[in-house]
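Working notes, structure below.
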Amino acid sequence: MYTAIGYATQSATTPLAPVKFERRSPRPDDVAIDILYCGVCHSDIHQARNEWGIAVYPLMPGHEIVGKVTAVGANVTQHKVGDLVGVGCMVDSCRSCEACQANLEQYCLEGPTMTYATPNRVDGSNTMGGYSDSIVVSEHFVVRIPEKLDLASAAPILCAGITTYSPLKHYGVKAGDKVGILGMGGLGHMGIKFAKAMGAEVTLFTRSASKAEEARRQGADHVIVSTDAEQMKAAAGHFDFLLDTIPVQHDLNPYLDTLRFDGVHILVGLIEPVDPPVHAGKLVMSRRVLAGSLIGGIAETQEVLDFCAEHNITCDIEMLDIRQINEAYARMIAGDVKYRFVIDMATLKR
Ligand code: NDP
Ligand code: ZN
């Protein structure tokens with residue numbers, strides 16, 4: 001064991017504050033990482049405030065981790081000291097079930113071990129995330145950061161990137177498809193870039209008319225202001241796919257109307273009950289599909305990093321001093337970030 005430092009919260013109602021805590025010494029299959037940057041995901045806020053009812057305290061968020069390898073266990077073959085690597089939302093899984101064997105560790109039948117607020121599979125300790133100076137992770141859950149990528153703006157690819165790339169890929173989005181992205185925050189702005197890179201005609205649905213110009217700069221071909229009923233109506237029957245990153249309960253029915261027959265509405269932002277209810281007729285009468293998707297597997301996380309390097313895709317980030325983390329949460333909730341905060345971990349040592 002060794003002493004690490006980071007920012008954690010002790011309850012759903014207290015702010016994040018500096019803490020010292022114990023990290024394990026590397027096991028034979030572990031990689032020890034000095035964290036350089038960590039993205040700030042809306043899931044970090046949901047969890048810090050126990051909005052999903054599954055938080056475990058003290059809770060140290062952070063699952064968009066980029067850093068440098070400082071030590072490796074005796075059995076590690078994929079990474080060596082000095083490598084630039086990433087860790088996303090998961091740090092372990094059972095590795096033998098059908099999902100794990102299919103490289104879909106996120107759907108592990110025993111439940112994956114998430115990067116924070118989950119019991120470690122070996123010693124039962126509560127996992128602590130990336131708002132920290134260091135982390136120790138089994139090598140299977142550590143990915144390589146391609147040389148071409150800027151390290152800080154690569155960090156959000158580990159969650160915001162893979163979560164939007166994976167469903168677009170799974171549902172086979174291709175050139176000419178009409179794709180709608182719902183919400184332009186951390187996930188949404190990456191969704192626009194990926195859909196565009198896959199050749200789709202991309203539309204942003206946003207509450208914020210002021211984001212229209214920005215969305216076009218991100219690659220969106222069209223913008224629909226979702227609070228304007230006329231604009232929503234005019235889009236009836238138009239889309240092949242909707243990728244829904246909205247982080248709160250919202251009425252899906254007006255969005256379902258914008259899908260063509262066989263269209264697919266993919267939820268990634270919501271894990272609460274849908275409220276108000278979906279009108280089943282909107283699915284049945286047009287063979288539409290309401291779907292969901294969780295991050296992506298480890299192999300696919302490496303794939304999306306390589307895809308970003310190949311297509312020159314990066315996240316738009318605002319660098320954050322970790323001492324401003326509580327203000328950053330408030331700004332994210334107010335929609336005041338373009339489009340991802342990334343913590344510069346050098347600020348933790350100040
Ligand atoms: P952000 O806060 O960065 O962005 C969310 C966007 O949704 C906002 O920018 C805004 O876009 C829109 N929005 C926010 N509040 C509302 C509202 N009340 N009504 C309608 N639209 C709203 O969040 P992230 O992109 O980081 O995360 C989005 C969601 O995805 C979160 O719930 C997060 O937990 C979840 N998530 C899911 C994952 C998965 O594997 N399925 C993985 C990672 C995150 P605009 O102003 O354009 O309307
Ligand atoms: Zn996330």
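To be explicit about the labels: the chains of the structure tokens are called A, B, and onward in the order shown, and within each one the residues are counted from 1, while ligands get numbers from 1 in the order they are shown.
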Skip region 36-53 of chain A itself and residues of its chain fewer than 3 positions away, then list as a list in words all residues within 7 Å of it, counting only C-alpha atoms.
Thr9, Ala12, Thr13, Leu59, Pro61, Gly62, Glu64, Ile65, Val66, Gly67, Gly130, Tyr131, Ala152, Ala155, Pro156, Tyr329, Arg340, Phe341, Val342, Ile343, Asp344, Met345 and Ala346 of chain A
Residues of region 292-324 of chain A that approach region 192-203 of chain A to 12 Å or less, counting only C-alpha atoms: could you list each one with the shortest pair of atoms and its distance in Å to one decimal, rows by chain and increasing residue number, as a tab-separated table?
```
residue	atom	partner	partner_atom	distance
A:Val304	CA	A:Phe194	CA	9.5
A:Leu305	CA	A:Phe194	CA	11.7
A:Phe307	CA	A:Phe194	CA	9.2
A:Cys308	CA	A:Phe194	CA	8.7
A:Glu310	CA	A:Ala197	CA	10.5
A:His311	CA	A:Ala197	CA	7.3
A:Asn312	CA	A:Ala197	CA	9.8
A:Ile313	CA	A:Lys193	CA	7.1
A:Thr314	CA	A:Lys193	CA	8.8
A:Cys315	CA	A:Lys193	CA	9.2
A:Asp316	CA	A:Lys193	CA	10.9
```
Output N, CA, C and O atoms for every residue in that selection, as a compact mmCIF listing (two decimals), in the first residue's frame.
```txt
# COMPACT_ATOMS: atom_id res chain seq x y z
N VAL A 304 -11.52 3.36 -30.56
CA VAL A 304 -11.99 4.74 -30.71
C VAL A 304 -10.82 5.72 -30.55
O VAL A 304 -10.76 6.75 -31.23
N LEU A 305 -9.86 5.40 -29.69
CA LEU A 305 -8.68 6.26 -29.57
C LEU A 305 -7.91 6.28 -30.90
O LEU A 305 -7.51 7.34 -31.38
N PHE A 307 -9.19 5.60 -33.82
CA PHE A 307 -10.07 6.26 -34.80
C PHE A 307 -9.91 7.79 -34.68
O PHE A 307 -9.82 8.50 -35.69
N CYS A 308 -9.83 8.29 -33.45
CA CYS A 308 -9.66 9.74 -33.24
C CYS A 308 -8.32 10.21 -33.81
O CYS A 308 -8.24 11.27 -34.42
N GLU A 310 -6.64 8.82 -36.23
CA GLU A 310 -6.70 8.70 -37.68
C GLU A 310 -7.52 9.83 -38.31
O GLU A 310 -7.19 10.35 -39.37
N HIS A 311 -8.62 10.19 -37.65
CA HIS A 311 -9.54 11.20 -38.22
C HIS A 311 -9.35 12.59 -37.63
O HIS A 311 -10.19 13.47 -37.84
N ASN A 312 -8.25 12.78 -36.89
CA ASN A 312 -7.98 14.08 -36.26
C ASN A 312 -9.16 14.59 -35.43
O ASN A 312 -9.54 15.75 -35.51
N ILE A 313 -9.74 13.69 -34.65
CA ILE A 313 -10.86 14.08 -33.78
C ILE A 313 -10.32 14.27 -32.37
O ILE A 313 -9.63 13.39 -31.83
N THR A 314 -10.60 15.43 -31.78
CA THR A 314 -10.25 15.65 -30.38
C THR A 314 -11.45 16.24 -29.67
O THR A 314 -12.40 16.71 -30.31
N CYS A 315 -11.40 16.24 -28.36
CA CYS A 315 -12.47 16.86 -27.58
C CYS A 315 -12.15 18.34 -27.40
O CYS A 315 -10.99 18.71 -27.28
N ASP A 316 -13.19 19.15 -27.36
CA ASP A 316 -13.02 20.57 -27.03
C ASP A 316 -13.02 20.66 -25.51
O ASP A 316 -14.02 20.31 -24.87
```
Find, counting only C-alpha atoms and all ligand atoms, the residue in A:Tyr57, A:Tyr107, A:Tyr171, A:Tyr116 that gets nearest to ligand 2.
A:Tyr116
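Closest approach to Gln302 (chain A) among A:Cys94, A:Cys159, A:Ala229, A:Met60 is made by A:Cys159 (distances from only C-alpha atoms).
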Backbone-only DSSP, alpha helix (DSSP H) members of region 80-324 of chain A, as an NGL selection string:
:A and (98-101 or 151-154 or 160-170 or 186-197 or 212-218 or 229-234 or 253-256 or 280-284 or 298-310)
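Running DSSP on the backbone gives strand (DSSP E or B) for these residues within region 312-343 of chain A: Ile317, Glu318, Met319, Leu320, Asp321, Arg340, Phe341, Val342 and Ile343 of chain A.
Relative to CA of His140 (chain A), CA of Gly73 (chain A) is found at 12.4 Å.
Among the candidate residues A:Ala234, A:Cys108, A:Val31, A:Ala209, the one lying nearest to ligand 1 is A:Ala209, with distances computed using only C-alpha atoms and all ligand atoms.
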Within 6 Å of ligand 1 (counting only C-alpha atoms and all ligand atoms), which residues show up? I'd like them as a VMD selection string.
chain A and resid 41 to 43 159 to 160 163 183 to 188 206 to 208 245 to 248 268 to 270 293 to 295 332 to 333 335
Give me, as a ChimeraX atom specification, all polymer residues having an atom no more than 9 Å from Arg260 (chain A), counting only C-alpha atoms and skipping those fewer than 4 positions away in the same chain.
/A:236-241,256,264,286,288
Could the residues in this selection be written to a file with C-alpha atoms, as a compact mmCIF listing (two decimals), in the first residue's frame?
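Ended up saving to again-v5.txt:
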```
# COMPACT_ATOMS: atom_id res chain seq x y z
CA ALA A 236 -41.37 14.42 -38.47
CA GLY A 237 -40.32 11.04 -39.94
CA HIS A 238 -36.87 12.28 -40.91
CA PHE A 239 -34.14 10.51 -38.90
CA ASP A 240 -32.57 7.04 -39.05
CA PHE A 241 -30.94 7.35 -35.62
CA LEU A 256 -39.73 9.53 -31.57
CA VAL A 264 -33.65 3.85 -33.62
CA SER A 286 -43.51 2.44 -37.39
CA ARG A 288 -39.19 2.01 -34.36
```
Could you check how far CA of Ser25 (chain A) sits from CA of Leu158 (chain A), in Å to one decimal?
24.0 Å
When you look at Arg323 (chain A) with a cut-off of 8 Å (counting only C-alpha atoms), what residues show up, excluding the ones that are within fewer than 2 positions of it in the same chain? I need them as a VMD selection string.
chain A and resid 321 325 to 326 347 to 348
Write the residues of the selection above to a file with C-alpha atoms, as a short mmCIF file (atom, residue, chain, number, x, y, z; two decimals), in the first residue's frame.
```
data_model
loop_
_atom_site.label_atom_id
_atom_site.label_comp_id
_atom_site.auth_asym_id
_atom_site.auth_seq_id
_atom_site.Cartn_x
_atom_site.Cartn_y
_atom_site.Cartn_z
CA ASP A 321 -7.49 23.61 -11.71
CA ILE A 325 -13.88 21.38 -9.14
CA ASN A 326 -17.02 22.36 -7.18
CA THR A 347 -2.73 21.56 -9.83
CA LEU A 348 -3.34 18.83 -7.22
#
```
Contacts of Leu243 (chain A) at 9 Å or less, counting only C-alpha atoms, minus same-chain residues fewer than 6 places along, as a VMD selection string?
chain A and resid 164 167 to 168 179 to 183 188 191 264 to 268
